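What follows is a short report on a single structure.
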Amino acid sequence: MVGPVLELRPLMPRKIREPAVCPCCGAVLSREKKEDGTVSSYLYCVDYYGCEAQILGRLVQWCSKKGLDIEGGGPALIEKLFRLLDIRSPDHLYTLTPQKMIDAGIGEKTAQNFCEALEKSKQCSLEQVLHGLCIPSVGEGTSDRLANHFLNMDNIRGAKLEALLKVEDIGPTTAGDILNWMVNPTSRTILAGLYNANVNMGKQNPQGIKQARR
Ligand SMILES: [Zn+2]
């Protein structure tokens, strides 16, 4: 059994002071408001699109099993792609070619495998895209409910507040976060890039990869 070593604990434990700014980018930290009006105990950095830690975290989530399940897209490769090729968002990933990656100094096999995995990921499901995008307040469950309710990304993009509130478990906070995300110019560029790359953002693939693989 592993437990705390009590004799090593200082008699007067130091109070840990909460950070005021993001240790990565220096932006202000804030707390999420929950649907019931209370405030979450988690702090988050407000520079959603500018903070490097968030950029990398979102790309890793896009590639994760619960995102688009892109093999090889772990933190190590993602960080390389960010530093060497300025890959900052999911749409950027789909502009990669094996040659671009090799020219940037990434191994040939890694480059080829990753680009193949990216190609395959275009057959994902709408829920996977929603979860992979890391829209604030939209976790796995909300991604599923949004996908089942609206059936494609265009419907979600066009949804007004009242329409979003009709989805089970979506209240004003989550709906507001979705609306804010959708009107942000960077978000719009990301979605446009994903449409351009032919990433599936509809329910026309109901028996898609997600179900088949799990
Ligand atoms: Zn930050």
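If you're wondering about the labels, chains in the structure tokens are A, B, ... by order shown, residues count from 1 in each chain, ligands from 1 in order shown.
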
Proximity of chain A to ligand 1: per-residue shortest pair, 7 Å limit, only C-alpha atoms and all ligand atoms, as CSV:
```
residue,atom,partner,partner_atom_place_in_ligand_line,distance
A:Cys22,CA,ligand 1,1 (Zn),4.6
A:Pro23,CA,ligand 1,1 (Zn),6.7
A:Cys24,CA,ligand 1,1 (Zn),5.0
A:Cys25,CA,ligand 1,1 (Zn),4.2
A:Gly26,CA,ligand 1,1 (Zn),6.0
A:Ala27,CA,ligand 1,1 (Zn),5.4
A:Cys45,CA,ligand 1,1 (Zn),4.7
A:Val46,CA,ligand 1,1 (Zn),6.8
A:Asp47,CA,ligand 1,1 (Zn),5.7
A:Cys51,CA,ligand 1,1 (Zn),4.2
A:Glu52,CA,ligand 1,1 (Zn),6.6
A:Ala53,CA,ligand 1,1 (Zn),6.3
A:Gln54,CA,ligand 1,1 (Zn),6.7
```

Which residues of region 5-73 of chain A come within 12 Å of region 84-102 of chain A, and what is each one's closest atom pair and distance in Å (one decimal), counting only C-alpha atoms, sorted by chain and residue number, as JSON lines?
```
{"residue": "A:Tyr48", "atom": "CA", "partner": "A:Ser89", "partner_atom": "CA", "distance": 11.8}
{"residue": "A:Tyr49", "atom": "CA", "partner": "A:Arg88", "partner_atom": "CA", "distance": 8.9}
{"residue": "A:Gly50", "atom": "CA", "partner": "A:Arg88", "partner_atom": "CA", "distance": 9.5}
{"residue": "A:Cys51", "atom": "CA", "partner": "A:Arg88", "partner_atom": "CA", "distance": 10.3}
{"residue": "A:Glu52", "atom": "CA", "partner": "A:Arg88", "partner_atom": "CA", "distance": 8.7}
{"residue": "A:Ala53", "atom": "CA", "partner": "A:Arg88", "partner_atom": "CA", "distance": 10.7}
{"residue": "A:Gln54", "atom": "CA", "partner": "A:Arg88", "partner_atom": "CA", "distance": 9.7}
{"residue": "A:Ile55", "atom": "CA", "partner": "A:Arg88", "partner_atom": "CA", "distance": 5.9}
{"residue": "A:Leu56", "atom": "CA", "partner": "A:Arg88", "partner_atom": "CA", "distance": 7.4}
{"residue": "A:Gly57", "atom": "CA", "partner": "A:Ser89", "partner_atom": "CA", "distance": 10.2}
{"residue": "A:Arg58", "atom": "CA", "partner": "A:Ser89", "partner_atom": "CA", "distance": 7.6}
{"residue": "A:Leu59", "atom": "CA", "partner": "A:Ser89", "partner_atom": "CA", "distance": 6.2}
{"residue": "A:Val60", "atom": "CA", "partner": "A:Pro90", "partner_atom": "CA", "distance": 9.6}
{"residue": "A:Gln61", "atom": "CA", "partner": "A:Pro90", "partner_atom": "CA", "distance": 9.8}
{"residue": "A:Trp62", "atom": "CA", "partner": "A:Pro90", "partner_atom": "CA", "distance": 6.8}
{"residue": "A:Cys63", "atom": "CA", "partner": "A:Pro90", "partner_atom": "CA", "distance": 8.8}
{"residue": "A:Gly67", "atom": "CA", "partner": "A:Pro90", "partner_atom": "CA", "distance": 10.9}
{"residue": "A:Leu68", "atom": "CA", "partner": "A:Pro90", "partner_atom": "CA", "distance": 10.1}
{"residue": "A:Ile70", "atom": "CA", "partner": "A:Leu93", "partner_atom": "CA", "distance": 10.8}
{"residue": "A:Gly73", "atom": "CA", "partner": "A:Leu93", "partner_atom": "CA", "distance": 10.1}
```

**Q.** DSSP strand (DSSP E or B) selection over chain A, as a PyMOL selection string
**A.** chain A and resi 21+28-33+39-45+152+202

Would you please extract all alpha helix (DSSP H) residues from region 59-190 of chain A, as assigned by DSSP on the backbone, and give them as a PDB file with N, CA and C atoms, in the first residue's frame?
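Writing the result to out36.pdb gives the following:
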```
ATOM      1  N   LEU A  59      -5.032  19.973 -30.624  1.00  0.00           N
ATOM      2  CA  LEU A  59      -4.582  19.113 -31.726  1.00  0.00           C
ATOM      3  C   LEU A  59      -4.451  17.665 -31.268  1.00  0.00           C
ATOM      4  N   VAL A  60      -3.947  17.483 -30.054  1.00  0.00           N
ATOM      5  CA  VAL A  60      -3.808  16.121 -29.525  1.00  0.00           C
ATOM      6  C   VAL A  60      -5.204  15.508 -29.337  1.00  0.00           C
ATOM      7  N   GLN A  61      -6.145  16.319 -28.853  1.00  0.00           N
ATOM      8  CA  GLN A  61      -7.516  15.786 -28.691  1.00  0.00           C
ATOM      9  C   GLN A  61      -8.139  15.453 -30.048  1.00  0.00           C
ATOM     10  N   TRP A  62      -7.889  16.271 -31.053  1.00  0.00           N
ATOM     11  CA  TRP A  62      -8.406  15.990 -32.399  1.00  0.00           C
ATOM     12  C   TRP A  62      -7.929  14.604 -32.858  1.00  0.00           C
ATOM     13  N   CYS A  63      -6.661  14.303 -32.571  1.00  0.00           N
ATOM     14  CA  CYS A  63      -6.081  13.038 -33.030  1.00  0.00           C
ATOM     15  C   CYS A  63      -6.377  11.866 -32.086  1.00  0.00           C
ATOM     16  N   PRO A  75       1.309  13.697 -28.569  1.00  0.00           N
ATOM     17  CA  PRO A  75       1.924  14.981 -28.227  1.00  0.00           C
ATOM     18  C   PRO A  75       3.285  15.217 -28.895  1.00  0.00           C
ATOM     19  N   ALA A  76       4.101  14.161 -29.064  1.00  0.00           N
ATOM     20  CA  ALA A  76       5.444  14.370 -29.612  1.00  0.00           C
ATOM     21  C   ALA A  76       5.385  14.857 -31.060  1.00  0.00           C
ATOM     22  N   LEU A  77       4.623  14.149 -31.890  1.00  0.00           N
ATOM     23  CA  LEU A  77       4.540  14.560 -33.297  1.00  0.00           C
ATOM     24  C   LEU A  77       3.800  15.892 -33.439  1.00  0.00           C
ATOM     25  N   ILE A  78       2.736  16.058 -32.654  1.00  0.00           N
ATOM     26  CA  ILE A  78       1.960  17.308 -32.738  1.00  0.00           C
ATOM     27  C   ILE A  78       2.852  18.510 -32.426  1.00  0.00           C
ATOM     28  N   GLU A  79       3.688  18.379 -31.413  1.00  0.00           N
ATOM     29  CA  GLU A  79       4.550  19.507 -31.055  1.00  0.00           C
ATOM     30  C   GLU A  79       5.551  19.795 -32.180  1.00  0.00           C
ATOM     31  N   LYS A  80       6.060  18.732 -32.790  1.00  0.00           N
ATOM     32  CA  LYS A  80       6.978  18.915 -33.925  1.00  0.00           C
ATOM     33  C   LYS A  80       6.282  19.645 -35.066  1.00  0.00           C
ATOM     34  N   LEU A  81       5.060  19.228 -35.366  1.00  0.00           N
ATOM     35  CA  LEU A  81       4.324  19.833 -36.472  1.00  0.00           C
ATOM     36  C   LEU A  81       4.048  21.307 -36.200  1.00  0.00           C
ATOM     37  N   PHE A  82       3.789  21.607 -34.929  1.00  0.00           N
ATOM     38  CA  PHE A  82       3.540  22.995 -34.530  1.00  0.00           C
ATOM     39  C   PHE A  82       4.817  23.826 -34.704  1.00  0.00           C
ATOM     40  N   ARG A  83       5.933  23.294 -34.210  1.00  0.00           N
ATOM     41  CA  ARG A  83       7.184  24.067 -34.248  1.00  0.00           C
ATOM     42  C   ARG A  83       7.763  24.164 -35.664  1.00  0.00           C
ATOM     43  N   LEU A  84       7.712  23.061 -36.398  1.00  0.00           N
ATOM     44  CA  LEU A  84       8.383  23.031 -37.697  1.00  0.00           C
ATOM     45  C   LEU A  84       7.509  23.574 -38.826  1.00  0.00           C
ATOM     46  N   LEU A  85       6.189  23.347 -38.703  1.00  0.00           N
ATOM     47  CA  LEU A  85       5.327  23.683 -39.844  1.00  0.00           C
ATOM     48  C   LEU A  85       4.160  24.594 -39.470  1.00  0.00           C
ATOM     49  N   PRO A  90      -6.945  21.853 -36.468  1.00  0.00           N
ATOM     50  CA  PRO A  90      -7.213  20.645 -37.242  1.00  0.00           C
ATOM     51  C   PRO A  90      -7.194  20.855 -38.759  1.00  0.00           C
ATOM     52  N   ASP A  91      -7.729  21.992 -39.224  1.00  0.00           N
ATOM     53  CA  ASP A  91      -7.740  22.224 -40.682  1.00  0.00           C
ATOM     54  C   ASP A  91      -6.317  22.244 -41.243  1.00  0.00           C
ATOM     55  N   HIS A  92      -5.367  22.769 -40.453  1.00  0.00           N
ATOM     56  CA  HIS A  92      -3.971  22.788 -40.913  1.00  0.00           C
ATOM     57  C   HIS A  92      -3.431  21.374 -41.126  1.00  0.00           C
ATOM     58  N   LEU A  93      -3.868  20.433 -40.280  1.00  0.00           N
ATOM     59  CA  LEU A  93      -3.360  19.064 -40.406  1.00  0.00           C
ATOM     60  C   LEU A  93      -3.622  18.509 -41.803  1.00  0.00           C
ATOM     61  N   PRO A  98       3.152  14.024 -47.152  1.00  0.00           N
ATOM     62  CA  PRO A  98       4.376  13.367 -46.686  1.00  0.00           C
ATOM     63  C   PRO A  98       5.607  14.210 -47.029  1.00  0.00           C
ATOM     64  N   GLN A  99       5.631  14.782 -48.243  1.00  0.00           N
ATOM     65  CA  GLN A  99       6.810  15.553 -48.656  1.00  0.00           C
ATOM     66  C   GLN A  99       7.046  16.768 -47.761  1.00  0.00           C
ATOM     67  N   LYS A 100       5.952  17.497 -47.454  1.00  0.00           N
ATOM     68  CA  LYS A 100       6.089  18.669 -46.571  1.00  0.00           C
ATOM     69  C   LYS A 100       6.681  18.262 -45.230  1.00  0.00           C
ATOM     70  N   MET A 101       6.221  17.125 -44.715  1.00  0.00           N
ATOM     71  CA  MET A 101       6.710  16.670 -43.415  1.00  0.00           C
ATOM     72  C   MET A 101       8.169  16.238 -43.506  1.00  0.00           C
ATOM     73  N   ILE A 102       8.511  15.528 -44.573  1.00  0.00           N
ATOM     74  CA  ILE A 102       9.892  15.058 -44.747  1.00  0.00           C
ATOM     75  C   ILE A 102      10.836  16.259 -44.906  1.00  0.00           C
ATOM     76  N   ASP A 103      10.410  17.226 -45.720  1.00  0.00           N
ATOM     77  CA  ASP A 103      11.230  18.434 -45.922  1.00  0.00           C
ATOM     78  C   ASP A 103      11.460  19.183 -44.615  1.00  0.00           C
ATOM     79  N   GLU A 108      10.584   9.647 -42.881  1.00  0.00           N
ATOM     80  CA  GLU A 108       9.755   9.297 -44.023  1.00  0.00           C
ATOM     81  C   GLU A 108       8.576   8.395 -43.636  1.00  0.00           C
ATOM     82  N   LYS A 109       8.884   7.382 -42.844  1.00  0.00           N
ATOM     83  CA  LYS A 109       7.840   6.421 -42.464  1.00  0.00           C
ATOM     84  C   LYS A 109       6.758   7.105 -41.622  1.00  0.00           C
ATOM     85  N   THR A 110       7.206   7.903 -40.661  1.00  0.00           N
ATOM     86  CA  THR A 110       6.262   8.646 -39.809  1.00  0.00           C
ATOM     87  C   THR A 110       5.369   9.533 -40.665  1.00  0.00           C
ATOM     88  N   ALA A 111       5.996  10.238 -41.598  1.00  0.00           N
ATOM     89  CA  ALA A 111       5.264  11.167 -42.456  1.00  0.00           C
ATOM     90  C   ALA A 111       4.218  10.422 -43.284  1.00  0.00           C
ATOM     91  N   GLN A 112       4.641   9.319 -43.881  1.00  0.00           N
ATOM     92  CA  GLN A 112       3.717   8.571 -44.720  1.00  0.00           C
ATOM     93  C   GLN A 112       2.554   7.990 -43.908  1.00  0.00           C
ATOM     94  N   ASN A 113       2.884   7.385 -42.776  1.00  0.00           N
ATOM     95  CA  ASN A 113       1.839   6.781 -41.945  1.00  0.00           C
ATOM     96  C   ASN A 113       0.861   7.826 -41.432  1.00  0.00           C
ATOM     97  N   PHE A 114       1.405   8.967 -41.029  1.00  0.00           N
ATOM     98  CA  PHE A 114       0.531   9.991 -40.463  1.00  0.00           C
ATOM     99  C   PHE A 114      -0.414  10.541 -41.535  1.00  0.00           C
ATOM    100  N   CYS A 115       0.104  10.774 -42.730  1.00  0.00           N
ATOM    101  CA  CYS A 115      -0.754  11.300 -43.798  1.00  0.00           C
ATOM    102  C   CYS A 115      -1.810  10.273 -44.210  1.00  0.00           C
ATOM    103  N   GLU A 116      -1.462   8.999 -44.163  1.00  0.00           N
ATOM    104  CA  GLU A 116      -2.464   7.953 -44.439  1.00  0.00           C
ATOM    105  C   GLU A 116      -3.550   7.968 -43.370  1.00  0.00           C
ATOM    106  N   ALA A 117      -3.121   8.099 -42.118  1.00  0.00           N
ATOM    107  CA  ALA A 117      -4.090   8.134 -41.012  1.00  0.00           C
ATOM    108  C   ALA A 117      -4.994   9.360 -41.122  1.00  0.00           C
ATOM    109  N   LEU A 118      -4.428  10.483 -41.553  1.00  0.00           N
ATOM    110  CA  LEU A 118      -5.227  11.697 -41.748  1.00  0.00           C
ATOM    111  C   LEU A 118      -6.290  11.458 -42.822  1.00  0.00           C
ATOM    112  N   GLU A 119      -5.884  10.822 -43.895  1.00  0.00           N
ATOM    113  CA  GLU A 119      -6.803  10.545 -44.996  1.00  0.00           C
ATOM    114  C   GLU A 119      -7.967   9.677 -44.502  1.00  0.00           C
ATOM    115  N   LYS A 120      -7.625   8.646 -43.744  1.00  0.00           N
ATOM    116  CA  LYS A 120      -8.651   7.737 -43.215  1.00  0.00           C
ATOM    117  C   LYS A 120      -9.599   8.469 -42.278  1.00  0.00           C
ATOM    118  N   SER A 121      -9.067   9.424 -41.532  1.00  0.00           N
ATOM    119  CA  SER A 121      -9.869  10.113 -40.518  1.00  0.00           C
ATOM    120  C   SER A 121     -10.997  10.939 -41.134  1.00  0.00           C
ATOM    121  N   LEU A 126     -19.736  12.735 -37.170  1.00  0.00           N
ATOM    122  CA  LEU A 126     -19.949  14.118 -36.714  1.00  0.00           C
ATOM    123  C   LEU A 126     -19.628  14.265 -35.221  1.00  0.00           C
ATOM    124  N   GLU A 127     -19.990  13.245 -34.431  1.00  0.00           N
ATOM    125  CA  GLU A 127     -19.703  13.334 -33.000  1.00  0.00           C
ATOM    126  C   GLU A 127     -18.204  13.424 -32.746  1.00  0.00           C
ATOM    127  N   GLN A 128     -17.440  12.664 -33.524  1.00  0.00           N
ATOM    128  CA  GLN A 128     -15.979  12.696 -33.357  1.00  0.00           C
ATOM    129  C   GLN A 128     -15.428  14.085 -33.675  1.00  0.00           C
ATOM    130  N   VAL A 129     -15.950  14.694 -34.748  1.00  0.00           N
ATOM    131  CA  VAL A 129     -15.492  16.042 -35.114  1.00  0.00           C
ATOM    132  C   VAL A 129     -15.826  17.016 -33.989  1.00  0.00           C
ATOM    133  N   LEU A 130     -17.059  16.942 -33.491  1.00  0.00           N
ATOM    134  CA  LEU A 130     -17.480  17.872 -32.437  1.00  0.00           C
ATOM    135  C   LEU A 130     -16.607  17.719 -31.196  1.00  0.00           C
ATOM    136  N   HIS A 131     -16.327  16.484 -30.830  1.00  0.00           N
ATOM    137  CA  HIS A 131     -15.506  16.268 -29.650  1.00  0.00           C
ATOM    138  C   HIS A 131     -14.071  16.705 -29.902  1.00  0.00           C
ATOM    139  N   GLY A 132     -13.588  16.451 -31.101  1.00  0.00           N
ATOM    140  CA  GLY A 132     -12.213  16.799 -31.453  1.00  0.00           C
ATOM    141  C   GLY A 132     -11.958  18.300 -31.510  1.00  0.00           C
ATOM    142  N   GLU A 140     -17.853  14.843 -24.515  1.00  0.00           N
ATOM    143  CA  GLU A 140     -18.252  13.708 -25.339  1.00  0.00           C
ATOM    144  C   GLU A 140     -19.779  13.560 -25.409  1.00  0.00           C
ATOM    145  N   GLY A 141     -20.428  13.633 -24.250  1.00  0.00           N
ATOM    146  CA  GLY A 141     -21.881  13.448 -24.205  1.00  0.00           C
ATOM    147  C   GLY A 141     -22.598  14.523 -25.009  1.00  0.00           C
ATOM    148  N   THR A 142     -22.188  15.770 -24.820  1.00  0.00           N
ATOM    149  CA  THR A 142     -22.832  16.870 -25.548  1.00  0.00           C
ATOM    150  C   THR A 142     -22.579  16.733 -27.045  1.00  0.00           C
ATOM    151  N   SER A 143     -21.378  16.275 -27.415  1.00  0.00           N
ATOM    152  CA  SER A 143     -21.073  16.068 -28.838  1.00  0.00           C
ATOM    153  C   SER A 143     -22.050  15.058 -29.434  1.00  0.00           C
ATOM    154  N   ASP A 144     -22.283  13.969 -28.718  1.00  0.00           N
ATOM    155  CA  ASP A 144     -23.215  12.943 -29.212  1.00  0.00           C
ATOM    156  C   ASP A 144     -24.626  13.516 -29.361  1.00  0.00           C
ATOM    157  N   ARG A 145     -25.058  14.257 -28.337  1.00  0.00           N
ATOM    158  CA  ARG A 145     -26.430  14.776 -28.373  1.00  0.00           C
ATOM    159  C   ARG A 145     -26.601  15.811 -29.482  1.00  0.00           C
ATOM    160  N   LEU A 146     -25.579  16.660 -29.677  1.00  0.00           N
ATOM    161  CA  LEU A 146     -25.651  17.654 -30.754  1.00  0.00           C
ATOM    162  C   LEU A 146     -25.727  16.963 -32.114  1.00  0.00           C
ATOM    163  N   ALA A 147     -24.899  15.944 -32.297  1.00  0.00           N
ATOM    164  CA  ALA A 147     -24.856  15.238 -33.582  1.00  0.00           C
ATOM    165  C   ALA A 147     -26.197  14.554 -33.856  1.00  0.00           C
ATOM    166  N   ASN A 148     -26.756  13.912 -32.834  1.00  0.00           N
ATOM    167  CA  ASN A 148     -28.027  13.212 -33.031  1.00  0.00           C
ATOM    168  C   ASN A 148     -29.179  14.168 -33.283  1.00  0.00           C
ATOM    169  N   HIS A 149     -29.102  15.326 -32.687  1.00  0.00           N
ATOM    170  CA  HIS A 149     -30.185  16.289 -32.831  1.00  0.00           C
ATOM    171  C   HIS A 149     -30.116  17.041 -34.164  1.00  0.00           C
ATOM    172  N   PHE A 150     -28.921  17.476 -34.531  1.00  0.00           N
ATOM    173  CA  PHE A 150     -28.801  18.362 -35.696  1.00  0.00           C
ATOM    174  C   PHE A 150     -28.349  17.659 -36.979  1.00  0.00           C
ATOM    175  N   MET A 153     -23.066  19.474 -39.489  1.00  0.00           N
ATOM    176  CA  MET A 153     -22.414  20.672 -38.954  1.00  0.00           C
ATOM    177  C   MET A 153     -23.093  21.951 -39.417  1.00  0.00           C
ATOM    178  N   ASP A 154     -23.614  21.945 -40.644  1.00  0.00           N
ATOM    179  CA  ASP A 154     -24.302  23.139 -41.137  1.00  0.00           C
ATOM    180  C   ASP A 154     -25.484  23.501 -40.252  1.00  0.00           C
ATOM    181  N   ASN A 155     -26.247  22.493 -39.832  1.00  0.00           N
ATOM    182  CA  ASN A 155     -27.395  22.751 -38.955  1.00  0.00           C
ATOM    183  C   ASN A 155     -26.946  23.297 -37.605  1.00  0.00           C
ATOM    184  N   ILE A 156     -25.822  22.792 -37.114  1.00  0.00           N
ATOM    185  CA  ILE A 156     -25.326  23.279 -35.822  1.00  0.00           C
ATOM    186  C   ILE A 156     -24.831  24.716 -35.978  1.00  0.00           C
ATOM    187  N   ARG A 157     -24.112  24.950 -37.069  1.00  0.00           N
ATOM    188  CA  ARG A 157     -23.607  26.306 -37.329  1.00  0.00           C
ATOM    189  C   ARG A 157     -24.728  27.324 -37.435  1.00  0.00           C
ATOM    190  N   GLY A 158     -25.844  26.884 -38.026  1.00  0.00           N
ATOM    191  CA  GLY A 158     -26.958  27.809 -38.252  1.00  0.00           C
ATOM    192  C   GLY A 158     -27.914  27.902 -37.070  1.00  0.00           C
ATOM    193  N   LEU A 161     -30.003  30.306 -30.514  1.00  0.00           N
ATOM    194  CA  LEU A 161     -30.046  29.923 -29.091  1.00  0.00           C
ATOM    195  C   LEU A 161     -31.222  28.992 -28.767  1.00  0.00           C
ATOM    196  N   GLU A 162     -32.418  29.362 -29.230  1.00  0.00           N
ATOM    197  CA  GLU A 162     -33.615  28.568 -28.887  1.00  0.00           C
ATOM    198  C   GLU A 162     -33.476  27.136 -29.410  1.00  0.00           C
ATOM    199  N   ALA A 163     -32.906  26.995 -30.589  1.00  0.00           N
ATOM    200  CA  ALA A 163     -32.750  25.668 -31.187  1.00  0.00           C
ATOM    201  C   ALA A 163     -31.757  24.837 -30.372  1.00  0.00           C
ATOM    202  N   LEU A 164     -30.675  25.468 -29.938  1.00  0.00           N
ATOM    203  CA  LEU A 164     -29.675  24.743 -29.137  1.00  0.00           C
ATOM    204  C   LEU A 164     -30.264  24.306 -27.797  1.00  0.00           C
ATOM    205  N   LEU A 165     -31.111  25.160 -27.226  1.00  0.00           N
ATOM    206  CA  LEU A 165     -31.691  24.844 -25.911  1.00  0.00           C
ATOM    207  C   LEU A 165     -32.649  23.659 -25.961  1.00  0.00           C
ATOM    208  N   PRO A 172     -28.328  27.389 -21.034  1.00  0.00           N
ATOM    209  CA  PRO A 172     -27.843  28.667 -21.577  1.00  0.00           C
ATOM    210  C   PRO A 172     -26.315  28.785 -21.606  1.00  0.00           C
ATOM    211  N   THR A 173     -25.612  28.214 -20.610  1.00  0.00           N
ATOM    212  CA  THR A 173     -24.149  28.354 -20.590  1.00  0.00           C
ATOM    213  C   THR A 173     -23.515  27.618 -21.762  1.00  0.00           C
ATOM    214  N   THR A 174     -23.889  26.338 -21.921  1.00  0.00           N
ATOM    215  CA  THR A 174     -23.331  25.550 -23.018  1.00  0.00           C
ATOM    216  C   THR A 174     -23.754  26.139 -24.363  1.00  0.00           C
ATOM    217  N   ALA A 175     -25.025  26.498 -24.478  1.00  0.00           N
ATOM    218  CA  ALA A 175     -25.508  27.073 -25.741  1.00  0.00           C
ATOM    219  C   ALA A 175     -24.722  28.342 -26.069  1.00  0.00           C
ATOM    220  N   GLY A 176     -24.485  29.179 -25.061  1.00  0.00           N
ATOM    221  CA  GLY A 176     -23.721  30.408 -25.263  1.00  0.00           C
ATOM    222  C   GLY A 176     -22.300  30.110 -25.714  1.00  0.00           C
ATOM    223  N   ASP A 177     -21.688  29.103 -25.110  1.00  0.00           N
ATOM    224  CA  ASP A 177     -20.323  28.725 -25.501  1.00  0.00           C
ATOM    225  C   ASP A 177     -20.285  28.236 -26.956  1.00  0.00           C
ATOM    226  N   ILE A 178     -21.298  27.471 -27.345  1.00  0.00           N
ATOM    227  CA  ILE A 178     -21.343  26.974 -28.730  1.00  0.00           C
ATOM    228  C   ILE A 178     -21.517  28.147 -29.698  1.00  0.00           C
ATOM    229  N   LEU A 179     -22.444  29.045 -29.375  1.00  0.00           N
ATOM    230  CA  LEU A 179     -22.681  30.201 -30.256  1.00  0.00           C
ATOM    231  C   LEU A 179     -21.422  31.056 -30.375  1.00  0.00           C
ATOM    232  N   ASN A 180     -20.767  31.310 -29.246  1.00  0.00           N
ATOM    233  CA  ASN A 180     -19.531  32.107 -29.276  1.00  0.00           C
ATOM    234  C   ASN A 180     -18.472  31.448 -30.136  1.00  0.00           C
ATOM    235  N   TRP A 181     -18.350  30.143 -29.995  1.00  0.00           N
ATOM    236  CA  TRP A 181     -17.340  29.418 -30.767  1.00  0.00           C
ATOM    237  C   TRP A 181     -17.648  29.524 -32.263  1.00  0.00           C
ATOM    238  N   MET A 182     -18.905  29.350 -32.606  1.00  0.00           N
ATOM    239  CA  MET A 182     -19.293  29.314 -34.020  1.00  0.00           C
ATOM    240  C   MET A 182     -19.096  30.658 -34.731  1.00  0.00           C
ATOM    241  N   VAL A 183     -19.255  31.773 -33.990  1.00  0.00           N
ATOM    242  CA  VAL A 183     -19.119  33.080 -34.658  1.00  0.00           C
ATOM    243  C   VAL A 183     -17.668  33.565 -34.696  1.00  0.00           C
ATOM    244  N   PRO A 185     -14.068  34.149 -35.857  1.00  0.00           N
ATOM    245  CA  PRO A 185     -13.489  34.036 -37.201  1.00  0.00           C
ATOM    246  C   PRO A 185     -12.507  32.862 -37.345  1.00  0.00           C
ATOM    247  N   THR A 186     -11.723  32.597 -36.290  1.00  0.00           N
ATOM    248  CA  THR A 186     -10.784  31.472 -36.378  1.00  0.00           C
ATOM    249  C   THR A 186     -11.544  30.149 -36.471  1.00  0.00           C
ATOM    250  N   SER A 187     -12.620  30.012 -35.690  1.00  0.00           N
ATOM    251  CA  SER A 187     -13.429  28.793 -35.755  1.00  0.00           C
ATOM    252  C   SER A 187     -14.000  28.610 -37.160  1.00  0.00           C
ATOM    253  N   ARG A 188     -14.456  29.717 -37.741  1.00  0.00           N
ATOM    254  CA  ARG A 188     -15.061  29.633 -39.080  1.00  0.00           C
ATOM    255  C   ARG A 188     -14.025  29.192 -40.108  1.00  0.00           C
ATOM    256  N   THR A 189     -12.795  29.691 -39.950  1.00  0.00           N
ATOM    257  CA  THR A 189     -11.724  29.281 -40.860  1.00  0.00           C
ATOM    258  C   THR A 189     -11.439  27.788 -40.705  1.00  0.00           C
ATOM    259  N   ILE A 190     -11.447  27.323 -39.453  1.00  0.00           N
ATOM    260  CA  ILE A 190     -11.191  25.898 -39.200  1.00  0.00           C
ATOM    261  C   ILE A 190     -12.267  25.048 -39.882  1.00  0.00           C
TER     262      ILE A 190
END
```

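Closest approach to Lys33 (chain A) among A:Val2, A:Gly171, A:Lys66, A:Asn184: A:Gly171, based on only C-alpha atoms.
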
**Q.** Point-to-point distance in Å for CA of Leu191 (chain A) and CA of Leu133 (chain A)
**A.** 9.5 Å

**Q.** Coordinates-based distance that separates CA of Arg31 (chain A) from CA of Leu43 (chain A) (Å, one decimal)
**A.**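 So the answer is 4.8 Å.
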